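A short worksheet on the structure shown next.
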Amino acid sequence: MADLFKGLERIEEARERITGSSFMAGVFVGKPEFDLLLPPAETAEAKEIGEAYCHKIETFLKAHVDPDAIERTAKIPEHVLKGLFDLGAFGMKIPPEYGGLGFSYTNYGRVLTLIASWSNILALTVAVPQSIGIAMPILLFGNEEQKRRYLPRVAREDLSAFALTEPVTGSDAANVQTEAVLNAAGTHFVVNGEKLWCTNGPIARFVTLVARVPAQKADHGDRSVWVPAREGHGAEEKVHTALILDMSTDGVTVRQRCQFEGCRGIENAHMTLQNVRIPVENVIGEIGKGLKYALTILNVGRAISIPAICLGMAKQAWQPTLDQANTRITFKKPLAERQTQMMRAGYMAANLFAMEALSSLVWHMVDQKTYDIRIEAAIAKMFCSEKTIQFLKDSQILFGGMGYETVDSKRVRGEPGFPIEQLVRDVEMYRIGEGATDILRPFVAREGLSPHLDRARNYFEEGLSGTQRIAELLKLIRFYLPWYVGQWRRRSLPQRLEMQHPKVRATLSYAERASRRLARAIFYAMAIRREALRDDQGRQNRIEAVGEDILTIAATTLYAESQHRTTGDATVWDLADEFFRDARKRIDRAIREIIRNEDARSTAVGRRALRGDYPWLSRGVIQRGLKDYVLKEKDPTSEP
């Protein structure tokens, strides 16, 4: 586990420290700033633009897109992609001066949600070029020439993709092995390596490629910069760099279109690069900043695309689920009159409302461009993907056998072809893509631990003398004594109109107390576990889970207040209260278990299982290990 945390630290080195506003940064130290959860409201004009465009997209989808055919053929037809290009759907976030629509992130999320409610595969295909394709890195870090050359093309005619993952490098993005070596003339990089799971890769014209460039340090004004070493001579390090790759370049080979459990219509490539020549003018931003750029643009996918697609999928399933519950008769009663299904529907409704609230909040935050949303983005991605998985599985349970049968099979008998089994298969991808849940959890937890780890770093240094260690301990005591006392003092809520509603005040007051309890629990865990906490992923996961629930209950209650105030519909409080009730139980339990739990016992059993101490668990079957599933070449001399 130490390697995991060190790997995360190497990834974090590519980032800069939080410089913008971050609600979650305050939550982990017991000082939540609830004002940050009330960014300026969307203007009426912006909302009108988004809704009008959604109407255009809806008309197009209904007339020209057959989502069942995409699933059946595992292919998005060319005329569909062309139609979306003509509507500007691939340039929603590209400014008008570069051929795009210049939408806000909120409108971008709104449109993706709509598309995903018709076909999540199509929504993913539309999202990838705008979230992690070449558009975002060029917009954020590229030069004017690159913007004018490439942005109009990817807005109106050419798909793009993102090539970071490799066969031996998944979430450990710092371990990229693909190399780009500057040639002797200094005009091109020669690239060799391979990339895996490059969504849109087989049909993309351009790719954001992250590769390692042999480079050396050089002075540039008042700072040092990385300069590529020609043919690698004199290189001090191989640094991550982002480049624009034209997929038509010689040496680029798509070896395989990868196939998955679900998401059958996506085009996903395993590709190799052999002596591929990329002009130096195709470097995006600075040499050595590629990992930072990659992680920055991944935040867009986490904050906008994944939550929007998951929200669209859940909303797609909601009405058919209600219809099934109300029309399916068992033992002379509709399913909707059974307590089990009522409880299930209530849980689904509360979580769907919370997903919408959290997504809307994070989209508005991104629009302000003053927030550092890396933690909020990670939480939105995890929360929406995990809750949508459970939401769709609950829907499938309610459908029973009809939920396990394919669309085409049901339609043979004239049954409604609602594709719940496909949605259940597809949604697992969104738990994995753009940062798997089990990787993002310790990343978020690290933000909670970071202030303490940084402050105590000197105390835990090896080689300190007794006197030096005592001196460091006294420094910690001088800081933590008043800090700890402060964690028992209640802080007043902001005097904002939105926070005057009794339910809002009650919920946010609990969130404020929970934040201080979390901060104290982190402190206790640090004091008890000390440096061992770095490898204690059980406690890290609980730290993240508490922070996630605090953010989401705050977002949900403020969203309910806004909906009630603007529409007059008080039923929104049913959903906000139900989510709060459930989240409160999770928070209280997790905070207790940050301090005291039985993880050591489970870990010990798991460790013994992983080293093969229970061989009898494999008895009674035809035993096969992972390598036994590798296809062996057939001996040409053997009998057929």
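Identifiers in this document derive from the order of the structure tokens: chains are assigned A, B, ..., residues are numbered from 1 separately in each chain, and ligands are numbered from 1 in order of occurrence.
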Enumerate the residues of region 240-339 of chain A with a DSSP assignment of strand (DSSP E or B), computed from the backbone, and present them as a PyMOL selection string. chain A and resi 240-246+252-257+268-279+283+329-330+333-334
Need the shell around Pro167 (chain A): protein/DNA/RNA residues with any atom at most 8 Å away, counting only C-alpha atoms. Skip same-chain ones fewer than 5 positions apart. Format as a PyMOL selection string? chain A and resi 194-196
Just C-alpha atoms for this one: save the residues we selected as an mmCIF file, in the first residue's frame.
data_model
loop_
_atom_site.group_PDB
_atom_site.id
_atom_site.type_symbol
_atom_site.label_atom_id
_atom_site.label_comp_id
_atom_site.auth_asym_id
_atom_site.auth_seq_id
_atom_site.Cartn_x
_atom_site.Cartn_y
_atom_site.Cartn_z
ATOM 1 C CA GLU A 194 1.823 1.660 -27.014
ATOM 2 C CA LYS A 195 -1.445 2.930 -25.611
ATOM 3 C CA LEU A 196 -4.487 1.039 -24.366
#
Selected residue of minimal separation from Leu114 (chain A) among A:Ala314, A:Leu295, A:Val190, A:Ala218, counting only C-alpha atoms: A:Ala314
Within 12 Å of Met24 (chain A), counting only C-alpha atoms, which residues qualify if same-chain residues fewer than 4 places away don't, as a ChimeraX atom specification? /A:18,20,28-34,36-37,362,371-380,444-448,511-512,515,518-519,543-544,546-552,554
File dump, residues just selected, N, CA and C atoms, as a compact mmCIF listing (two decimals), in the first residue's frame:
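Wrote part-v6.txt, looks like this:
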# COMPACT_ATOMS: atom_id res chain seq x y z
N ILE A 18 -3.57 23.76 -3.98
CA ILE A 18 -4.86 24.42 -4.14
C ILE A 18 -4.68 25.93 -4.05
N GLY A 20 -7.31 28.09 -5.78
CA GLY A 20 -8.65 28.64 -5.82
C GLY A 20 -9.46 28.21 -4.61
N PHE A 28 -12.24 19.20 5.61
CA PHE A 28 -11.30 18.27 6.23
C PHE A 28 -10.56 18.88 7.42
N VAL A 29 -10.56 20.19 7.56
CA VAL A 29 -9.90 20.82 8.71
C VAL A 29 -10.92 21.44 9.66
N GLY A 30 -12.20 21.08 9.49
CA GLY A 30 -13.22 21.53 10.41
C GLY A 30 -13.72 22.94 10.19
N LYS A 31 -13.48 23.49 9.00
CA LYS A 31 -13.90 24.86 8.71
C LYS A 31 -14.63 24.95 7.36
N PRO A 32 -15.79 24.32 7.26
CA PRO A 32 -16.52 24.37 5.98
C PRO A 32 -17.04 25.77 5.70
N GLU A 33 -16.78 26.25 4.51
CA GLU A 33 -17.26 27.58 4.11
C GLU A 33 -18.48 27.40 3.21
N PHE A 34 -19.66 27.45 3.83
CA PHE A 34 -20.89 27.15 3.10
C PHE A 34 -21.21 28.19 2.03
N LEU A 36 -19.35 29.02 -0.24
CA LEU A 36 -18.78 28.52 -1.49
C LEU A 36 -19.77 27.62 -2.23
N LEU A 37 -20.78 27.11 -1.51
CA LEU A 37 -21.77 26.25 -2.15
C LEU A 37 -22.91 27.04 -2.79
N VAL A 362 -21.59 21.29 -8.81
CA VAL A 362 -20.22 21.22 -9.31
C VAL A 362 -20.11 21.89 -10.67
N TYR A 371 -12.80 28.40 -8.58
CA TYR A 371 -12.73 27.28 -7.66
C TYR A 371 -11.61 26.33 -8.07
N ASP A 372 -10.97 25.72 -7.10
CA ASP A 372 -10.15 24.55 -7.36
C ASP A 372 -11.04 23.35 -7.06
N ILE A 373 -11.53 22.70 -8.11
CA ILE A 373 -12.58 21.69 -7.94
C ILE A 373 -12.05 20.27 -8.01
N ARG A 374 -10.72 20.08 -7.83
CA ARG A 374 -10.20 18.73 -7.99
C ARG A 374 -10.85 17.75 -7.01
N ILE A 375 -11.07 18.16 -5.75
CA ILE A 375 -11.68 17.25 -4.78
C ILE A 375 -13.16 17.09 -5.08
N GLU A 376 -13.84 18.21 -5.31
CA GLU A 376 -15.27 18.15 -5.61
C GLU A 376 -15.53 17.35 -6.88
N ALA A 377 -14.65 17.49 -7.89
CA ALA A 377 -14.81 16.73 -9.13
C ALA A 377 -14.67 15.24 -8.88
N ALA A 378 -13.67 14.85 -8.09
CA ALA A 378 -13.47 13.43 -7.79
C ALA A 378 -14.68 12.87 -7.04
N ILE A 379 -15.20 13.65 -6.08
CA ILE A 379 -16.36 13.19 -5.32
C ILE A 379 -17.59 13.08 -6.21
N ALA A 380 -17.81 14.07 -7.09
CA ALA A 380 -18.97 14.01 -7.99
C ALA A 380 -18.89 12.78 -8.88
N VAL A 444 -8.65 11.64 -2.54
CA VAL A 444 -9.43 12.61 -1.79
C VAL A 444 -8.99 12.61 -0.32
N ALA A 445 -8.77 11.41 0.23
CA ALA A 445 -8.35 11.32 1.64
C ALA A 445 -7.02 12.03 1.84
N ARG A 446 -6.15 11.95 0.86
CA ARG A 446 -4.85 12.60 1.01
C ARG A 446 -5.02 14.10 1.21
N GLU A 447 -6.02 14.69 0.57
CA GLU A 447 -6.26 16.11 0.77
C GLU A 447 -6.67 16.39 2.21
N GLY A 448 -7.39 15.42 2.82
CA GLY A 448 -7.75 15.57 4.21
C GLY A 448 -6.57 15.41 5.14
N ALA A 511 -23.91 19.40 9.31
CA ALA A 511 -22.72 19.27 8.45
C ALA A 511 -21.52 19.98 9.07
N GLU A 512 -21.76 21.14 9.68
CA GLU A 512 -20.68 21.88 10.33
C GLU A 512 -20.11 21.09 11.51
N SER A 515 -18.17 18.15 10.22
CA SER A 515 -16.85 18.55 9.72
C SER A 515 -15.85 18.66 10.86
N LEU A 518 -15.04 15.23 12.06
CA LEU A 518 -14.13 14.59 11.12
C LEU A 518 -12.70 15.08 11.33
N ALA A 519 -12.54 16.39 11.49
CA ALA A 519 -11.21 16.95 11.71
C ALA A 519 -10.58 16.37 12.97
N ILE A 543 -12.46 8.48 5.70
CA ILE A 543 -12.28 9.93 5.65
C ILE A 543 -12.92 10.50 4.39
N GLU A 544 -12.67 9.85 3.26
CA GLU A 544 -13.27 10.29 2.00
C GLU A 544 -14.78 10.18 2.05
N VAL A 546 -16.88 10.27 4.56
CA VAL A 546 -17.50 11.30 5.39
C VAL A 546 -17.51 12.63 4.64
N GLY A 547 -16.37 12.99 4.04
CA GLY A 547 -16.32 14.23 3.26
C GLY A 547 -17.31 14.23 2.13
N GLU A 548 -17.45 13.10 1.44
CA GLU A 548 -18.39 12.97 0.33
C GLU A 548 -19.82 13.20 0.80
N ASP A 549 -20.18 12.60 1.93
CA ASP A 549 -21.55 12.76 2.42
C ASP A 549 -21.81 14.17 2.93
N ILE A 550 -20.82 14.79 3.56
CA ILE A 550 -21.00 16.17 4.02
C ILE A 550 -21.26 17.10 2.83
N LEU A 551 -20.46 16.96 1.78
CA LEU A 551 -20.67 17.78 0.58
C LEU A 551 -22.04 17.52 -0.01
N THR A 552 -22.44 16.26 -0.10
CA THR A 552 -23.67 15.92 -0.81
C THR A 552 -24.91 16.30 -0.02
N ALA A 554 -25.09 18.82 2.01
CA ALA A 554 -25.17 20.28 1.89
C ALA A 554 -25.70 20.68 0.52
Using DSSP on the backbone, list every residue of region 216-320 of chain A that comes out as helix (DSSP H, G or I), and give them as a PDB file with N, CA and C atoms, in the first residue's frame.
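Contents of the output file states.pdb:
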ATOM      1  N   VAL A 280       7.724  19.397 -33.677  1.00  0.00           N
ATOM      2  CA  VAL A 280       7.913  20.058 -32.379  1.00  0.00           C
ATOM      3  C   VAL A 280       6.812  21.078 -32.108  1.00  0.00           C
ATOM      4  N   GLU A 281       6.243  21.641 -33.183  1.00  0.00           N
ATOM      5  CA  GLU A 281       5.184  22.624 -32.963  1.00  0.00           C
ATOM      6  C   GLU A 281       3.896  21.975 -32.426  1.00  0.00           C
ATOM      7  N   ASN A 282       3.866  20.636 -32.355  1.00  0.00           N
ATOM      8  CA  ASN A 282       2.701  19.932 -31.819  1.00  0.00           C
ATOM      9  C   ASN A 282       2.780  19.716 -30.313  1.00  0.00           C
ATOM     10  N   GLY A 290       3.199  17.652 -19.125  1.00  0.00           N
ATOM     11  CA  GLY A 290       2.150  16.801 -19.696  1.00  0.00           C
ATOM     12  C   GLY A 290       1.274  16.122 -18.664  1.00  0.00           C
ATOM     13  N   LEU A 291       1.892  15.634 -17.577  1.00  0.00           N
ATOM     14  CA  LEU A 291       1.086  14.961 -16.560  1.00  0.00           C
ATOM     15  C   LEU A 291       0.170  15.947 -15.859  1.00  0.00           C
ATOM     16  N   LYS A 292       0.688  17.120 -15.583  1.00  0.00           N
ATOM     17  CA  LYS A 292      -0.141  18.169 -14.965  1.00  0.00           C
ATOM     18  C   LYS A 292      -1.323  18.508 -15.874  1.00  0.00           C
ATOM     19  N   TYR A 293      -1.052  18.649 -17.173  1.00  0.00           N
ATOM     20  CA  TYR A 293      -2.132  18.968 -18.100  1.00  0.00           C
ATOM     21  C   TYR A 293      -3.163  17.834 -18.142  1.00  0.00           C
ATOM     22  N   ALA A 294      -2.670  16.591 -18.181  1.00  0.00           N
ATOM     23  CA  ALA A 294      -3.577  15.445 -18.256  1.00  0.00           C
ATOM     24  C   ALA A 294      -4.489  15.388 -17.044  1.00  0.00           C
ATOM     25  N   LEU A 295      -3.907  15.583 -15.864  1.00  0.00           N
ATOM     26  CA  LEU A 295      -4.701  15.515 -14.644  1.00  0.00           C
ATOM     27  C   LEU A 295      -5.676  16.681 -14.555  1.00  0.00           C
ATOM     28  N   THR A 296      -5.285  17.820 -15.098  1.00  0.00           N
ATOM     29  CA  THR A 296      -6.177  18.986 -15.093  1.00  0.00           C
ATOM     30  C   THR A 296      -7.393  18.745 -15.979  1.00  0.00           C
ATOM     31  N   ILE A 297      -7.168  18.226 -17.185  1.00  0.00           N
ATOM     32  CA  ILE A 297      -8.306  18.018 -18.076  1.00  0.00           C
ATOM     33  C   ILE A 297      -9.166  16.839 -17.627  1.00  0.00           C
ATOM     34  N   LEU A 298      -8.566  15.876 -16.914  1.00  0.00           N
ATOM     35  CA  LEU A 298      -9.371  14.784 -16.377  1.00  0.00           C
ATOM     36  C   LEU A 298     -10.396  15.305 -15.377  1.00  0.00           C
ATOM     37  N   ASN A 299     -10.088  16.427 -14.720  1.00  0.00           N
ATOM     38  CA  ASN A 299     -11.050  17.018 -13.794  1.00  0.00           C
ATOM     39  C   ASN A 299     -12.357  17.377 -14.492  1.00  0.00           C
ATOM     40  N   VAL A 300     -12.257  17.783 -15.781  1.00  0.00           N
ATOM     41  CA  VAL A 300     -13.472  18.137 -16.519  1.00  0.00           C
ATOM     42  C   VAL A 300     -14.355  16.913 -16.689  1.00  0.00           C
ATOM     43  N   GLY A 301     -13.738  15.782 -17.052  1.00  0.00           N
ATOM     44  CA  GLY A 301     -14.509  14.549 -17.189  1.00  0.00           C
ATOM     45  C   GLY A 301     -15.134  14.122 -15.885  1.00  0.00           C
ATOM     46  N   ARG A 302     -14.357  14.276 -14.801  1.00  0.00           N
ATOM     47  CA  ARG A 302     -14.877  13.868 -13.496  1.00  0.00           C
ATOM     48  C   ARG A 302     -15.988  14.797 -13.020  1.00  0.00           C
ATOM     49  N   ALA A 303     -15.833  16.080 -13.270  1.00  0.00           N
ATOM     50  CA  ALA A 303     -16.804  17.054 -12.760  1.00  0.00           C
ATOM     51  C   ALA A 303     -18.054  17.150 -13.620  1.00  0.00           C
ATOM     52  N   ILE A 304     -17.891  17.011 -14.929  1.00  0.00           N
ATOM     53  CA  ILE A 304     -19.022  17.270 -15.838  1.00  0.00           C
ATOM     54  C   ILE A 304     -19.493  15.996 -16.536  1.00  0.00           C
ATOM     55  N   SER A 305     -18.615  15.388 -17.310  1.00  0.00           N
ATOM     56  CA  SER A 305     -19.050  14.335 -18.230  1.00  0.00           C
ATOM     57  C   SER A 305     -19.597  13.101 -17.527  1.00  0.00           C
ATOM     58  N   ILE A 306     -18.824  12.528 -16.602  1.00  0.00           N
ATOM     59  CA  ILE A 306     -19.273  11.295 -15.954  1.00  0.00           C
ATOM     60  C   ILE A 306     -20.547  11.533 -15.137  1.00  0.00           C
ATOM     61  N   PRO A 307     -20.613  12.579 -14.296  1.00  0.00           N
ATOM     62  CA  PRO A 307     -21.881  12.817 -13.592  1.00  0.00           C
ATOM     63  C   PRO A 307     -23.065  13.019 -14.535  1.00  0.00           C
ATOM     64  N   ALA A 308     -22.852  13.748 -15.640  1.00  0.00           N
ATOM     65  CA  ALA A 308     -23.953  14.004 -16.578  1.00  0.00           C
ATOM     66  C   ALA A 308     -24.436  12.716 -17.224  1.00  0.00           C
ATOM     67  N   ILE A 309     -23.500  11.889 -17.667  1.00  0.00           N
ATOM     68  CA  ILE A 309     -23.890  10.641 -18.328  1.00  0.00           C
ATOM     69  C   ILE A 309     -24.590   9.717 -17.343  1.00  0.00           C
ATOM     70  N   CYS A 310     -24.062   9.612 -16.126  1.00  0.00           N
ATOM     71  CA  CYS A 310     -24.705   8.770 -15.114  1.00  0.00           C
ATOM     72  C   CYS A 310     -26.096   9.288 -14.766  1.00  0.00           C
ATOM     73  N   LEU A 311     -26.227  10.597 -14.637  1.00  0.00           N
ATOM     74  CA  LEU A 311     -27.525  11.186 -14.338  1.00  0.00           C
ATOM     75  C   LEU A 311     -28.526  10.896 -15.453  1.00  0.00           C
ATOM     76  N   GLY A 312     -28.071  11.010 -16.699  1.00  0.00           N
ATOM     77  CA  GLY A 312     -28.949  10.707 -17.828  1.00  0.00           C
ATOM     78  C   GLY A 312     -29.400   9.262 -17.842  1.00  0.00           C
ATOM     79  N   MET A 313     -28.475   8.340 -17.511  1.00  0.00           N
ATOM     80  CA  MET A 313     -28.832   6.918 -17.489  1.00  0.00           C
ATOM     81  C   MET A 313     -29.847   6.622 -16.394  1.00  0.00           C
ATOM     82  N   ALA A 314     -29.640   7.210 -15.207  1.00  0.00           N
ATOM     83  CA  ALA A 314     -30.576   6.972 -14.114  1.00  0.00           C
ATOM     84  C   ALA A 314     -31.951   7.544 -14.445  1.00  0.00           C
ATOM     85  N   LYS A 315     -31.965   8.758 -15.008  1.00  0.00           N
ATOM     86  CA  LYS A 315     -33.245   9.366 -15.360  1.00  0.00           C
ATOM     87  C   LYS A 315     -33.959   8.568 -16.456  1.00  0.00           C
ATOM     88  N   GLN A 316     -33.186   7.983 -17.364  1.00  0.00           N
ATOM     89  CA  GLN A 316     -33.783   7.141 -18.401  1.00  0.00           C
ATOM     90  C   GLN A 316     -34.541   5.971 -17.772  1.00  0.00           C
ATOM     91  N   ALA A 317     -34.008   5.441 -16.695  1.00  0.00           N
ATOM     92  CA  ALA A 317     -34.605   4.257 -16.077  1.00  0.00           C
ATOM     93  C   ALA A 317     -35.749   4.580 -15.133  1.00  0.00           C
ATOM     94  N   TRP A 318     -35.874   5.835 -14.699  1.00  0.00           N
ATOM     95  CA  TRP A 318     -36.807   6.156 -13.626  1.00  0.00           C
ATOM     96  C   TRP A 318     -38.265   5.916 -14.007  1.00  0.00           C
ATOM     97  N   GLN A 319     -38.738   6.522 -15.103  1.00  0.00           N
ATOM     98  CA  GLN A 319     -40.150   6.374 -15.448  1.00  0.00           C
ATOM     99  C   GLN A 319     -40.518   4.932 -15.795  1.00  0.00           C
ATOM    100  N   PRO A 320     -39.693   4.204 -16.597  1.00  0.00           N
ATOM    101  CA  PRO A 320     -40.023   2.795 -16.828  1.00  0.00           C
ATOM    102  C   PRO A 320     -40.089   1.979 -15.539  1.00  0.00           C
TER     103      PRO A 320
END
For the interface of region 425-514 of chain A with region 388-406 of chain A (cut-off 12 Å, counting only C-alpha atoms), please tabulate each contacting residue of region 425-514 of chain A alongside its nearest pair of atoms and their separation in Å to one decimal, rows sorted by chain and increasing number, as JSON lines.
{"residue": "A:Arg425", "atom": "CA", "partner": "A:Ile389", "partner_atom": "CA", "distance": 9.3}
{"residue": "A:Asp426", "atom": "CA", "partner": "A:Ile389", "partner_atom": "CA", "distance": 9.4}
{"residue": "A:Val427", "atom": "CA", "partner": "A:Ile389", "partner_atom": "CA", "distance": 6.1}
{"residue": "A:Glu428", "atom": "CA", "partner": "A:Ile389", "partner_atom": "CA", "distance": 6.8}
{"residue": "A:Met429", "atom": "CA", "partner": "A:Ile389", "partner_atom": "CA", "distance": 9.9}
{"residue": "A:Tyr430", "atom": "CA", "partner": "A:Ile389", "partner_atom": "CA", "distance": 8.9}
{"residue": "A:Arg431", "atom": "CA", "partner": "A:Ile389", "partner_atom": "CA", "distance": 8.2}
{"residue": "A:Ile432", "atom": "CA", "partner": "A:Ile389", "partner_atom": "CA", "distance": 11.6}
Could you write out that same residue set with N, CA and C atoms as an mmCIF file, in the first residue's frame?
data_model
loop_
_atom_site.group_PDB
_atom_site.id
_atom_site.type_symbol
_atom_site.label_atom_id
_atom_site.label_comp_id
_atom_site.auth_asym_id
_atom_site.auth_seq_id
_atom_site.Cartn_x
_atom_site.Cartn_y
_atom_site.Cartn_z
ATOM 1 N N ARG A 425 -25.080 -3.294 -17.543
ATOM 2 C CA ARG A 425 -23.745 -3.659 -18.056
ATOM 3 C C ARG A 425 -22.923 -2.418 -18.385
ATOM 4 N N ASP A 426 -23.562 -1.431 -18.991
ATOM 5 C CA ASP A 426 -22.836 -0.235 -19.440
ATOM 6 C C ASP A 426 -22.293 0.589 -18.269
ATOM 7 N N VAL A 427 -23.082 0.697 -17.206
ATOM 8 C CA VAL A 427 -22.755 1.674 -16.165
ATOM 9 C C VAL A 427 -21.484 1.338 -15.397
ATOM 10 N N GLU A 428 -21.091 0.084 -15.385
ATOM 11 C CA GLU A 428 -19.861 -0.284 -14.669
ATOM 12 C C GLU A 428 -18.650 0.468 -15.223
ATOM 13 N N MET A 429 -18.680 0.817 -16.499
ATOM 14 C CA MET A 429 -17.555 1.523 -17.099
ATOM 15 C C MET A 429 -17.319 2.874 -16.429
ATOM 16 N N TYR A 430 -18.413 3.511 -15.984
ATOM 17 C CA TYR A 430 -18.277 4.855 -15.432
ATOM 18 C C TYR A 430 -17.728 4.839 -14.006
ATOM 19 N N ARG A 431 -17.748 3.681 -13.361
ATOM 20 C CA ARG A 431 -17.056 3.523 -12.092
ATOM 21 C C ARG A 431 -15.541 3.481 -12.317
ATOM 22 N N ILE A 432 -15.137 2.939 -13.474
ATOM 23 C CA ILE A 432 -13.720 2.699 -13.759
ATOM 24 C C ILE A 432 -13.075 3.876 -14.476
#
Residues at most 12 Å from Val176 (chain A), counting only C-alpha atoms, excluding those fewer than 5 positions away in the same chain, as a PyMOL selection string? chain A and resi 11+163-171+192-196+209-213+238-242+290-291+294
Would you mind exporting the chosen residues as a short mmCIF file (atom, residue, chain, number, x, y, z; two decimals), in the first residue's frame, restricted to C-alpha atoms?
data_model
loop_
_atom_site.label_atom_id
_atom_site.label_comp_id
_atom_site.auth_asym_id
_atom_site.auth_seq_id
_atom_site.Cartn_x
_atom_site.Cartn_y
_atom_site.Cartn_z
CA ILE A 11 0.95 12.20 -9.40
CA ALA A 163 -3.96 8.52 -25.08
CA LEU A 164 -2.60 8.17 -21.54
CA THR A 165 -3.23 4.60 -20.32
CA GLU A 166 -0.80 1.83 -21.28
CA PRO A 167 -0.93 -1.97 -20.84
CA VAL A 168 1.19 -1.73 -17.67
CA THR A 169 0.04 1.75 -16.60
CA GLY A 170 -3.53 2.47 -15.55
CA SER A 171 -4.30 4.79 -12.67
CA ASN A 192 7.74 4.71 -29.66
CA GLY A 193 5.38 2.93 -27.33
CA GLU A 194 1.82 1.66 -27.01
CA LYS A 195 -1.45 2.93 -25.61
CA LEU A 196 -4.49 1.04 -24.37
CA LEU A 209 -0.71 11.91 -26.50
CA VAL A 210 1.14 11.86 -23.18
CA ALA A 211 4.71 10.60 -23.58
CA ARG A 212 8.02 10.92 -21.76
CA VAL A 213 10.61 13.21 -23.33
CA LYS A 238 12.40 11.67 -19.00
CA VAL A 239 9.56 14.11 -18.37
CA HIS A 240 5.87 13.81 -19.20
CA THR A 241 4.86 15.94 -22.17
CA ALA A 242 1.60 16.41 -24.06
CA GLY A 290 2.15 16.80 -19.70
CA LEU A 291 1.09 14.96 -16.56
CA ALA A 294 -3.58 15.44 -18.26
#
My list of candidates is A:Glu237, A:Glu267, A:Asp599, A:Glu48. Which is closest to Ile203 (chain A) when distances are computed with only C-alpha atoms?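 Once distances to Ile203 (chain A) are computed over only C-alpha atoms, the minimum belongs to A:Glu267.
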Just how far from CA of Tyr53 (chain A) is CA of Phe103 (chain A), in Å to one decimal?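 Spanning CA of Phe103 (chain A) to CA of Tyr53 (chain A) is a straight-line distance of 10.1 Å.
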Å distance separating CA of Ile57 (chain A) from CA of Pro202 (chain A), one decimal place: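 CA of Ile57 (chain A) sits 25.1 Å away from CA of Pro202 (chain A).
CA of Glu356 (chain A) sits 25.4 Å away from CA of Gln495 (chain A).
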Which residues are close to Asn107 (chain A), i.e. within 8 Å by only C-alpha atoms, leaving aside same-chain residues fewer than 5 positions away? Reply as an NGL selection string. :A and (46-47 or 50)
Rank A:Gln487, A:Ser409, A:Thr340, A:Asn268 by their smallest atom-to-atom distance to Lys75 (chain A), using only C-alpha atoms, and report the top residue only. A:Asn268
I'd like to know which of A:Val504, A:Leu440, A:Val572, A:Ala609 is closest to Asn541 (chain A), using only C-alpha atoms.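 Closest residue, counting only C-alpha atoms: A:Leu440.
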With only C-alpha atoms as the basis for distance, which of A:Ala570, A:Val27, A:Pro482, A:Glu434 is at the shortest distance from Ala173 (chain A)?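 Distance minimum relative to Ala173 (chain A) lands on A:Glu434.
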Contact residues around region 221-226 of chain A with only C-alpha atoms at 8 Å, ignoring same-chain residues under 6 positions, as a JSON list (two decimals) with N, CA and C atoms, in the first residue's frame:
[["chain", "number", "residue", "atom", "x", "y", "z"],
["A", 215, "ALA", "N", 14.95, 14.96, -21.35],
["A", 215, "ALA", "CA", 15.14, 16.41, -21.30],
["A", 215, "ALA", "C", 16.17, 16.79, -20.24],
["A", 286, "GLU", "N", 4.21, 23.42, -22.17],
["A", 286, "GLU", "CA", 5.62, 23.29, -21.88],
["A", 286, "GLU", "C", 6.05, 21.83, -21.82],
["A", 287, "ILE", "N", 7.31, 21.59, -22.17],
["A", 287, "ILE", "CA", 7.92, 20.28, -21.96],
["A", 287, "ILE", "C", 7.90, 19.99, -20.46],
["A", 288, "GLY", "N", 7.53, 18.75, -20.11],
["A", 288, "GLY", "CA", 7.54, 18.36, -18.71],
["A", 288, "GLY", "C", 6.26, 18.64, -17.95]]
